[in-house]
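A.B. asks: Structure provided below as structure tokens; questions to follow.
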Protein chains: 2
Amino acid sequence: MNAPSRRKFRREGEERRRQDLIDATLDSVAEHGLQGATVRTIALRAGVTAGLIRHYFPGKEDLLQEAYAALMGRMTEQAKAALALEDASPRQRLAAFVTANLNAPIIDQRVFSLWATFIGRAGADPSLARAHREGYLGFRNEVEAVVAEVLAAERRKPDAAELRHHAIAINAIIDGLWIEGCLAGEMFSPGELAAIGIKAVEAELGLGPLVQEK
Amino acid sequence: MNAPSRRKFRREGEERRRQDLIDATLDSVAEHGLQGATVRTIALRAGVTAGLIRHYFPGKEDLLQEAYAALMGRMTEQAKAALALEDASPRQRLAAFVTANLNAPIIDQRVFSLWATFIGRAGADPSLARAHREGYLGFRNEVEAVVAEVLAAERRKPDAAELRHHAIAINAIIDGLWIEGCLAGEMFSPGELAAIGIKAVEAELGLGPLVQEK
DNA sequence: GGCGTTGTTGTGCAAGTGTATAAATAGCCC
DNA sequence: GGGCTATTTATACACTTGCACAACAACGCC
């Protein structure tokens, strides 16, 4: 009768399991913070038991580290994708980039919570700090490249310092609006943040109003 | 001989003890994150034993709440102080505001860590979210007021929507540069961020180069 | 179908968690 | 100085945490 029945389970592929555990970790952190992300919570979310985590990761710390890396990877990947537009003027691509960064899915409270939770540890954790710096510089270099193209199309020849300053400022505009949107999205009408961002970026670059080309 | 000696202690005033405990909490959070801020760690830092915390706060959660409120209070207080300059043109006051927000002590990794750690919980904790929104709106309204003065001095009559957009954009510029400075301060030369910020803000407002008045 | 490998479970444990509570003592009033 | 009171310490407790390990069973292979 009351057989000491053990829980049924399936063997998933290694890659799949690791991914599930990482996703469950990010979900847990987003919902309850780092303190709420216990091995048991994570395992429950992933549909396995806690012991399994140690079969795939040396320890909980390593799982968190990989989860953060995965998060950063997804964020920068999405952000850069908008720059890949073909058949568009540099200025249009810059505008598309700003727009993409200031709408869903990049404007997202969950992602913001994750970012803030992890980045808050950057001061004490050098590996986190380095990961951030690399992601940030990569992002800024992308911005700088588009800015160079935009200005070139306007027949302007900025020097390196000027270019760098523009990239830093534009990066700040996007980051700042991103935060505002994530934290208080309902205070802005749809597309409003993107419109503000584009205007601010164009002002920073000294671009006049766009002339309609046929 | 081996008297069961008890630890010596002094009775501090209530306000002083509460403040010490709050400071110790912020130190603990900044150094080890929310997970590292245990009652024992906090008490050790404050030079008391863990039990005392419950004498001043109903529970650990309340202590954290008060610590966050104290942090926000100090941050906004410092930020707004720069706007109080007398004998200065609106434009100079705006520049001073930007400069103040993009240098020490507002650019500070510890404060940033605290901000990020707490704000990361805003998505799940409505009281945190409300506290942030109030602080943010207060800040933005200050910005909006100075912007109105600056534009008025230029004999321009922006409507409400325009003013709001300027304030949002300027707020974003300051926030974004603040983050960059806190996270990677050594990548910028002293005063560089402030210079970038002022130029970006003036571009946003369409201000021409400042004419030297006598 | 049986068998071995190994992914997966369940249990146990020592360390650490927040909180409750009793015992002690510092500082004030007389 | 002697007591009163409330601040402070110390200890206890129930619970959670990350991790170790042995038992188990799902799946591939023959």
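Lettering and numbering for the structure tokens are positional, with chains as A, B, ... in the shown order, residues counted from 1 in each chain, and ligands counted from 1 in the shown order.
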Up to 8 Å from chain B, what residues of chain C turn up? Count only C-alpha atoms (C1' of nucleotides) and give them as a list in words.

C.D. replies: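 Here they are: DT17, DG18, DA26 and DG27 of chain C.
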
A.B. asks: Restricting the output to C-alpha atoms (C1' of nucleotides), write the selected residues as a compact mmCIF listing (two decimals), in the first residue's frame.

C.D. replies:
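Listed below is the output, part_0.txt:
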# COMPACT_ATOMS: atom_id res chain seq x y z
C1' DT C 17 19.41 32.90 10.84
C1' DG C 18 15.78 36.02 13.38
C1' DA C 26 24.63 51.39 34.22
C1' DG C 27 23.00 55.62 35.32

A.B. asks: At most 9 Å is the cut-off: for each residue in chain D with any atom that close to an atom of chain A, write down the nearest atom pair and the distance in Å rounded to one decimal, counting only C-alpha atoms (C1' of nucleotides), chain first then increasing number, as a tab-separated table.

C.D. replies:
residue	atom	partner	partner_atom	distance
D:DT17	C1'	A:Thr38	CA	7.6
D:DG18	C1'	A:Val39	CA	7.5
D:DC19	C1'	A:Arg54	CA	8.2
D:DC24	C1'	A:Arg6	CA	8.5
D:DA25	C1'	A:Lys8	CA	8.7
D:DA26	C1'	A:Arg11	CA	6.7
D:DC27	C1'	A:Arg11	CA	7.8

A.B. asks: How would you write, as an MDAnalysis selection string, the set of residues in range 9-108 of chain A that DSSP gives as helix (DSSP H, G or I)?

C.D. replies: chainID A and resid 14:36 39:46 50:56 60:84 90:101

A.B. asks: Next, write the just-selected residues to a file, as a PDB file, in the first residue's frame, keeping C-alpha atoms as the atom set.

C.D. replies:
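This is the output file out-v3.pdb:
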ATOM      1  CA  GLU A  14      23.036  18.508 -19.605  1.00  0.00           C
ATOM      2  CA  GLU A  15      22.733  21.782 -21.518  1.00  0.00           C
ATOM      3  CA  ARG A  16      19.025  21.912 -20.949  1.00  0.00           C
ATOM      4  CA  ARG A  17      19.286  21.297 -17.230  1.00  0.00           C
ATOM      5  CA  ARG A  18      21.983  23.904 -16.786  1.00  0.00           C
ATOM      6  CA  GLN A  19      19.875  26.415 -18.654  1.00  0.00           C
ATOM      7  CA  ASP A  20      16.806  25.589 -16.601  1.00  0.00           C
ATOM      8  CA  LEU A  21      18.748  26.018 -13.393  1.00  0.00           C
ATOM      9  CA  ILE A  22      20.149  29.348 -14.565  1.00  0.00           C
ATOM     10  CA  ASP A  23      16.696  30.576 -15.555  1.00  0.00           C
ATOM     11  CA  ALA A  24      15.262  29.451 -12.254  1.00  0.00           C
ATOM     12  CA  THR A  25      18.066  31.299 -10.501  1.00  0.00           C
ATOM     13  CA  LEU A  26      17.327  34.530 -12.347  1.00  0.00           C
ATOM     14  CA  ASP A  27      13.631  34.163 -11.590  1.00  0.00           C
ATOM     15  CA  SER A  28      14.351  33.637  -7.928  1.00  0.00           C
ATOM     16  CA  VAL A  29      16.702  36.597  -7.715  1.00  0.00           C
ATOM     17  CA  ALA A  30      14.261  38.846  -9.548  1.00  0.00           C
ATOM     18  CA  GLU A  31      11.455  37.879  -7.240  1.00  0.00           C
ATOM     19  CA  HIS A  32      13.082  37.683  -3.828  1.00  0.00           C
ATOM     20  CA  GLY A  33      16.529  39.150  -4.254  1.00  0.00           C
ATOM     21  CA  LEU A  34      19.811  37.419  -3.642  1.00  0.00           C
ATOM     22  CA  GLN A  35      18.733  36.454  -0.160  1.00  0.00           C
ATOM     23  CA  GLY A  36      15.675  34.681  -1.486  1.00  0.00           C
ATOM     24  CA  VAL A  39      19.243  26.313  -3.467  1.00  0.00           C
ATOM     25  CA  ARG A  40      15.882  24.951  -2.433  1.00  0.00           C
ATOM     26  CA  THR A  41      13.914  27.822  -3.968  1.00  0.00           C
ATOM     27  CA  ILE A  42      15.865  27.595  -7.182  1.00  0.00           C
ATOM     28  CA  ALA A  43      15.513  23.835  -7.380  1.00  0.00           C
ATOM     29  CA  LEU A  44      11.788  24.029  -6.718  1.00  0.00           C
ATOM     30  CA  ARG A  45      11.382  26.514  -9.549  1.00  0.00           C
ATOM     31  CA  ALA A  46      13.430  24.369 -11.892  1.00  0.00           C
ATOM     32  CA  ALA A  50      18.131  20.844  -4.300  1.00  0.00           C
ATOM     33  CA  GLY A  51      20.842  18.241  -4.419  1.00  0.00           C
ATOM     34  CA  LEU A  52      20.922  18.317  -8.191  1.00  0.00           C
ATOM     35  CA  ILE A  53      22.369  21.788  -8.252  1.00  0.00           C
ATOM     36  CA  ARG A  54      25.616  20.483  -6.898  1.00  0.00           C
ATOM     37  CA  HIS A  55      25.723  17.980  -9.711  1.00  0.00           C
ATOM     38  CA  TYR A  56      25.951  20.762 -12.270  1.00  0.00           C
ATOM     39  CA  LYS A  60      25.763  28.052  -5.298  1.00  0.00           C
ATOM     40  CA  GLU A  61      28.174  30.914  -5.875  1.00  0.00           C
ATOM     41  CA  ASP A  62      29.160  29.537  -9.260  1.00  0.00           C
ATOM     42  CA  LEU A  63      25.540  29.204 -10.268  1.00  0.00           C
ATOM     43  CA  LEU A  64      24.936  32.850  -9.415  1.00  0.00           C
ATOM     44  CA  GLN A  65      28.012  33.865 -11.360  1.00  0.00           C
ATOM     45  CA  GLU A  66      26.854  32.006 -14.459  1.00  0.00           C
ATOM     46  CA  ALA A  67      23.371  33.417 -14.086  1.00  0.00           C
ATOM     47  CA  TYR A  68      24.756  36.931 -14.072  1.00  0.00           C
ATOM     48  CA  ALA A  69      26.870  36.228 -17.128  1.00  0.00           C
ATOM     49  CA  ALA A  70      23.814  34.871 -18.928  1.00  0.00           C
ATOM     50  CA  LEU A  71      21.802  37.951 -18.014  1.00  0.00           C
ATOM     51  CA  MET A  72      24.466  40.329 -19.270  1.00  0.00           C
ATOM     52  CA  GLY A  73      24.815  38.345 -22.456  1.00  0.00           C
ATOM     53  CA  ARG A  74      21.114  38.581 -23.226  1.00  0.00           C
ATOM     54  CA  MET A  75      20.915  42.266 -22.407  1.00  0.00           C
ATOM     55  CA  THR A  76      23.783  43.402 -24.614  1.00  0.00           C
ATOM     56  CA  GLU A  77      22.724  41.058 -27.359  1.00  0.00           C
ATOM     57  CA  GLN A  78      19.248  42.539 -27.521  1.00  0.00           C
ATOM     58  CA  ALA A  79      20.553  46.058 -27.277  1.00  0.00           C
ATOM     59  CA  LYS A  80      23.012  45.676 -30.100  1.00  0.00           C
ATOM     60  CA  ALA A  81      20.573  43.890 -32.375  1.00  0.00           C
ATOM     61  CA  ALA A  82      18.847  47.164 -33.131  1.00  0.00           C
ATOM     62  CA  LEU A  83      22.021  48.492 -34.680  1.00  0.00           C
ATOM     63  CA  ALA A  84      22.060  45.818 -37.339  1.00  0.00           C
ATOM     64  CA  PRO A  90      23.239  56.220 -39.957  1.00  0.00           C
ATOM     65  CA  ARG A  91      20.876  58.679 -38.378  1.00  0.00           C
ATOM     66  CA  GLN A  92      17.933  56.350 -38.765  1.00  0.00           C
ATOM     67  CA  ARG A  93      19.947  53.524 -37.279  1.00  0.00           C
ATOM     68  CA  LEU A  94      20.877  55.649 -34.305  1.00  0.00           C
ATOM     69  CA  ALA A  95      17.225  56.548 -33.797  1.00  0.00           C
ATOM     70  CA  ALA A  96      16.238  52.899 -34.085  1.00  0.00           C
ATOM     71  CA  PHE A  97      18.889  52.017 -31.538  1.00  0.00           C
ATOM     72  CA  VAL A  98      17.550  54.547 -29.059  1.00  0.00           C
ATOM     73  CA  THR A  99      13.985  53.446 -29.688  1.00  0.00           C
ATOM     74  CA  ALA A 100      14.831  49.795 -29.219  1.00  0.00           C
ATOM     75  CA  ASN A 101      16.538  50.490 -25.931  1.00  0.00           C
TER      76      ASN A 101
END

A.B. asks: Taking only C-alpha atoms into account, produce a table as CSV in which each residue of chain B with an atom at most 9 Å from an atom of chain A appears once, together with its shortest atom pair and the distance in Å to one decimal, ordered by chain and rising number.

C.D. replies:
residue,atom,partner,partner_atom,distance
B:Ala30,CA,A:Arg121,CA,8.1
B:Glu31,CA,A:Ala124,CA,6.4
B:His32,CA,A:Ala124,CA,7.4
B:Gly33,CA,A:Arg121,CA,6.7
B:Leu34,CA,A:Gln35,CA,6.8
B:Gln35,CA,A:Gln35,CA,5.1
B:Gly36,CA,A:Gln35,CA,8.8
B:Gln109,CA,A:Gly123,CA,6.4
B:Arg110,CA,A:Gly123,CA,7.1
B:Phe112,CA,A:Gly120,CA,7.2
B:Ser113,CA,A:Gly120,CA,4.3
B:Leu114,CA,A:Gly120,CA,6.8
B:Trp115,CA,A:Gly120,CA,7.6
B:Ala116,CA,A:Gly120,CA,4.8
B:Thr117,CA,A:Gly120,CA,5.0
B:Phe118,CA,A:Thr117,CA,7.9
B:Ile119,CA,A:Ala116,CA,6.9
B:Gly120,CA,A:Ser113,CA,4.3
B:Arg121,CA,A:Ser113,CA,6.5
B:Ala122,CA,A:Ser113,CA,7.5
B:Gly123,CA,A:Gln109,CA,6.4
B:Ala124,CA,A:Glu31,CA,6.4
B:Ala129,CA,A:Leu183,CA,7.7
B:His132,CA,A:Leu183,CA,8.4
B:Arg133,CA,A:Ala184,CA,7.3
B:Tyr136,CA,A:Glu180,CA,8.9
B:His165,CA,A:Ile196,CA,6.4
B:His166,CA,A:Ile196,CA,8.1
B:Ile168,CA,A:Leu177,CA,7.8
B:Ala169,CA,A:Ile196,CA,6.5
B:Ile170,CA,A:Ile173,CA,8.3
B:Asn171,CA,A:Gly176,CA,7.3
B:Ala172,CA,A:Gly176,CA,3.8
B:Ile173,CA,A:Ile173,CA,4.8
B:Ile174,CA,A:Gly176,CA,7.5
B:Asp175,CA,A:Gly176,CA,5.2
B:Gly176,CA,A:Ala172,CA,3.8
B:Leu177,CA,A:Ala172,CA,5.2
B:Trp178,CA,A:Ala172,CA,8.4
B:Ile179,CA,A:Ala172,CA,8.2
B:Glu180,CA,A:Ala172,CA,7.6
B:Leu183,CA,A:Ala129,CA,7.6
B:Ala184,CA,A:Arg133,CA,7.3
B:Glu192,CA,A:His165,CA,8.9
B:Leu193,CA,A:Ile168,CA,8.7
B:Ile196,CA,A:His165,CA,6.4
B:Gly197,CA,A:Ala169,CA,7.1
B:Lys199,CA,A:Glu204,CA,7.9
B:Ala200,CA,A:Glu204,CA,5.5
B:Val201,CA,A:Glu204,CA,8.2
B:Glu202,CA,A:Glu204,CA,8.6
B:Ala203,CA,A:Ala203,CA,5.3
B:Glu204,CA,A:Ala203,CA,5.4
B:Leu205,CA,A:Ala203,CA,8.3
B:Gly206,CA,A:Ala203,CA,7.4

A.B. asks: Just the number, please: distance in Å from CA of Val147 in chain A to CA of Arg140 in chain B, one decimal.

C.D. replies: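 Those two atoms sit 28.4 Å apart.
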
A.B. asks: Give me the residues within 10 Å of DA23 in chain C as a VMD selection string, counting only C-alpha atoms (C1' of nucleotides) and dropping any in the same chain fewer than 2 places off.

C.D. replies: (chain C and resid 21 25) or (chain D and resid 9 to 11)

A.B. asks: For the selection you just gave me, I'd like the residues written to a file as a PDB file, in the first residue's frame, keeping N, CA and C atoms (P, O5', C5', C4', C3', O3' and C1' of nucleotides).

C.D. replies:
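Saved file part.pdb follows:
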ATOM      1  P    DT C  21       8.425  35.561  24.820  1.00  0.00           P
ATOM      2  O5'  DT C  21       9.594  35.476  25.903  1.00  0.00           O
ATOM      3  C5'  DT C  21      10.403  34.305  25.935  1.00  0.00           C
ATOM      4  C4'  DT C  21      11.506  34.464  26.951  1.00  0.00           C
ATOM      5  C3'  DT C  21      11.183  35.414  28.105  1.00  0.00           C
ATOM      6  O3'  DT C  21      11.612  34.829  29.317  1.00  0.00           O
ATOM      7  C1'  DT C  21      13.230  36.005  27.164  1.00  0.00           C
ATOM      8  P    DT C  25      26.723  42.119  36.323  1.00  0.00           P
ATOM      9  O5'  DT C  25      26.840  43.659  35.955  1.00  0.00           O
ATOM     10  C5'  DT C  25      26.701  44.071  34.595  1.00  0.00           C
ATOM     11  C4'  DT C  25      26.038  45.423  34.516  1.00  0.00           C
ATOM     12  C3'  DT C  25      26.374  46.372  35.681  1.00  0.00           C
ATOM     13  O3'  DT C  25      26.532  47.667  35.170  1.00  0.00           O
ATOM     14  C1'  DT C  25      24.116  46.327  35.358  1.00  0.00           C
TER      15       DT C  25
ATOM     16  P    DT D   9      25.349  45.358  24.729  1.00  0.00           P
ATOM     17  O5'  DT D   9      25.248  44.099  25.697  1.00  0.00           O
ATOM     18  C5'  DT D   9      25.972  44.088  26.922  1.00  0.00           C
ATOM     19  C4'  DT D   9      25.735  42.779  27.648  1.00  0.00           C
ATOM     20  C3'  DT D   9      26.168  41.525  26.874  1.00  0.00           C
ATOM     21  O3'  DT D   9      27.000  40.731  27.691  1.00  0.00           O
ATOM     22  C1'  DT D   9      23.909  41.318  27.601  1.00  0.00           C
ATOM     23  P    DA D  10      27.912  39.569  27.019  1.00  0.00           P
ATOM     24  O5'  DA D  10      26.988  38.291  27.274  1.00  0.00           O
ATOM     25  C5'  DA D  10      26.534  38.020  28.584  1.00  0.00           C
ATOM     26  C4'  DA D  10      25.483  36.918  28.558  1.00  0.00           C
ATOM     27  C3'  DA D  10      25.826  35.725  27.678  1.00  0.00           C
ATOM     28  O3'  DA D  10      25.783  34.550  28.476  1.00  0.00           O
ATOM     29  C1'  DA D  10      23.625  36.488  27.231  1.00  0.00           C
ATOM     30  P    DT D  11      26.396  33.162  27.907  1.00  0.00           P
ATOM     31  O5'  DT D  11      25.094  32.248  27.730  1.00  0.00           O
ATOM     32  C5'  DT D  11      24.060  32.346  28.718  1.00  0.00           C
ATOM     33  C4'  DT D  11      22.746  31.859  28.135  1.00  0.00           C
ATOM     34  C3'  DT D  11      22.851  30.621  27.230  1.00  0.00           C
ATOM     35  O3'  DT D  11      22.002  29.616  27.754  1.00  0.00           O
ATOM     36  C1'  DT D  11      21.465  32.270  26.267  1.00  0.00           C
TER      37       DT D  11
END

A.B. asks: One decimal, Å: what's the distance from CA of Ala88 in chain A over to CA of Leu151 in chain A, could you say?

C.D. replies: 14.9 Å

A.B. asks: Between CA of Val143 in chain B and CA of Gly185 in chain B, what distance in Å does the model show, to one decimal?

C.D. replies: 24.3 Å
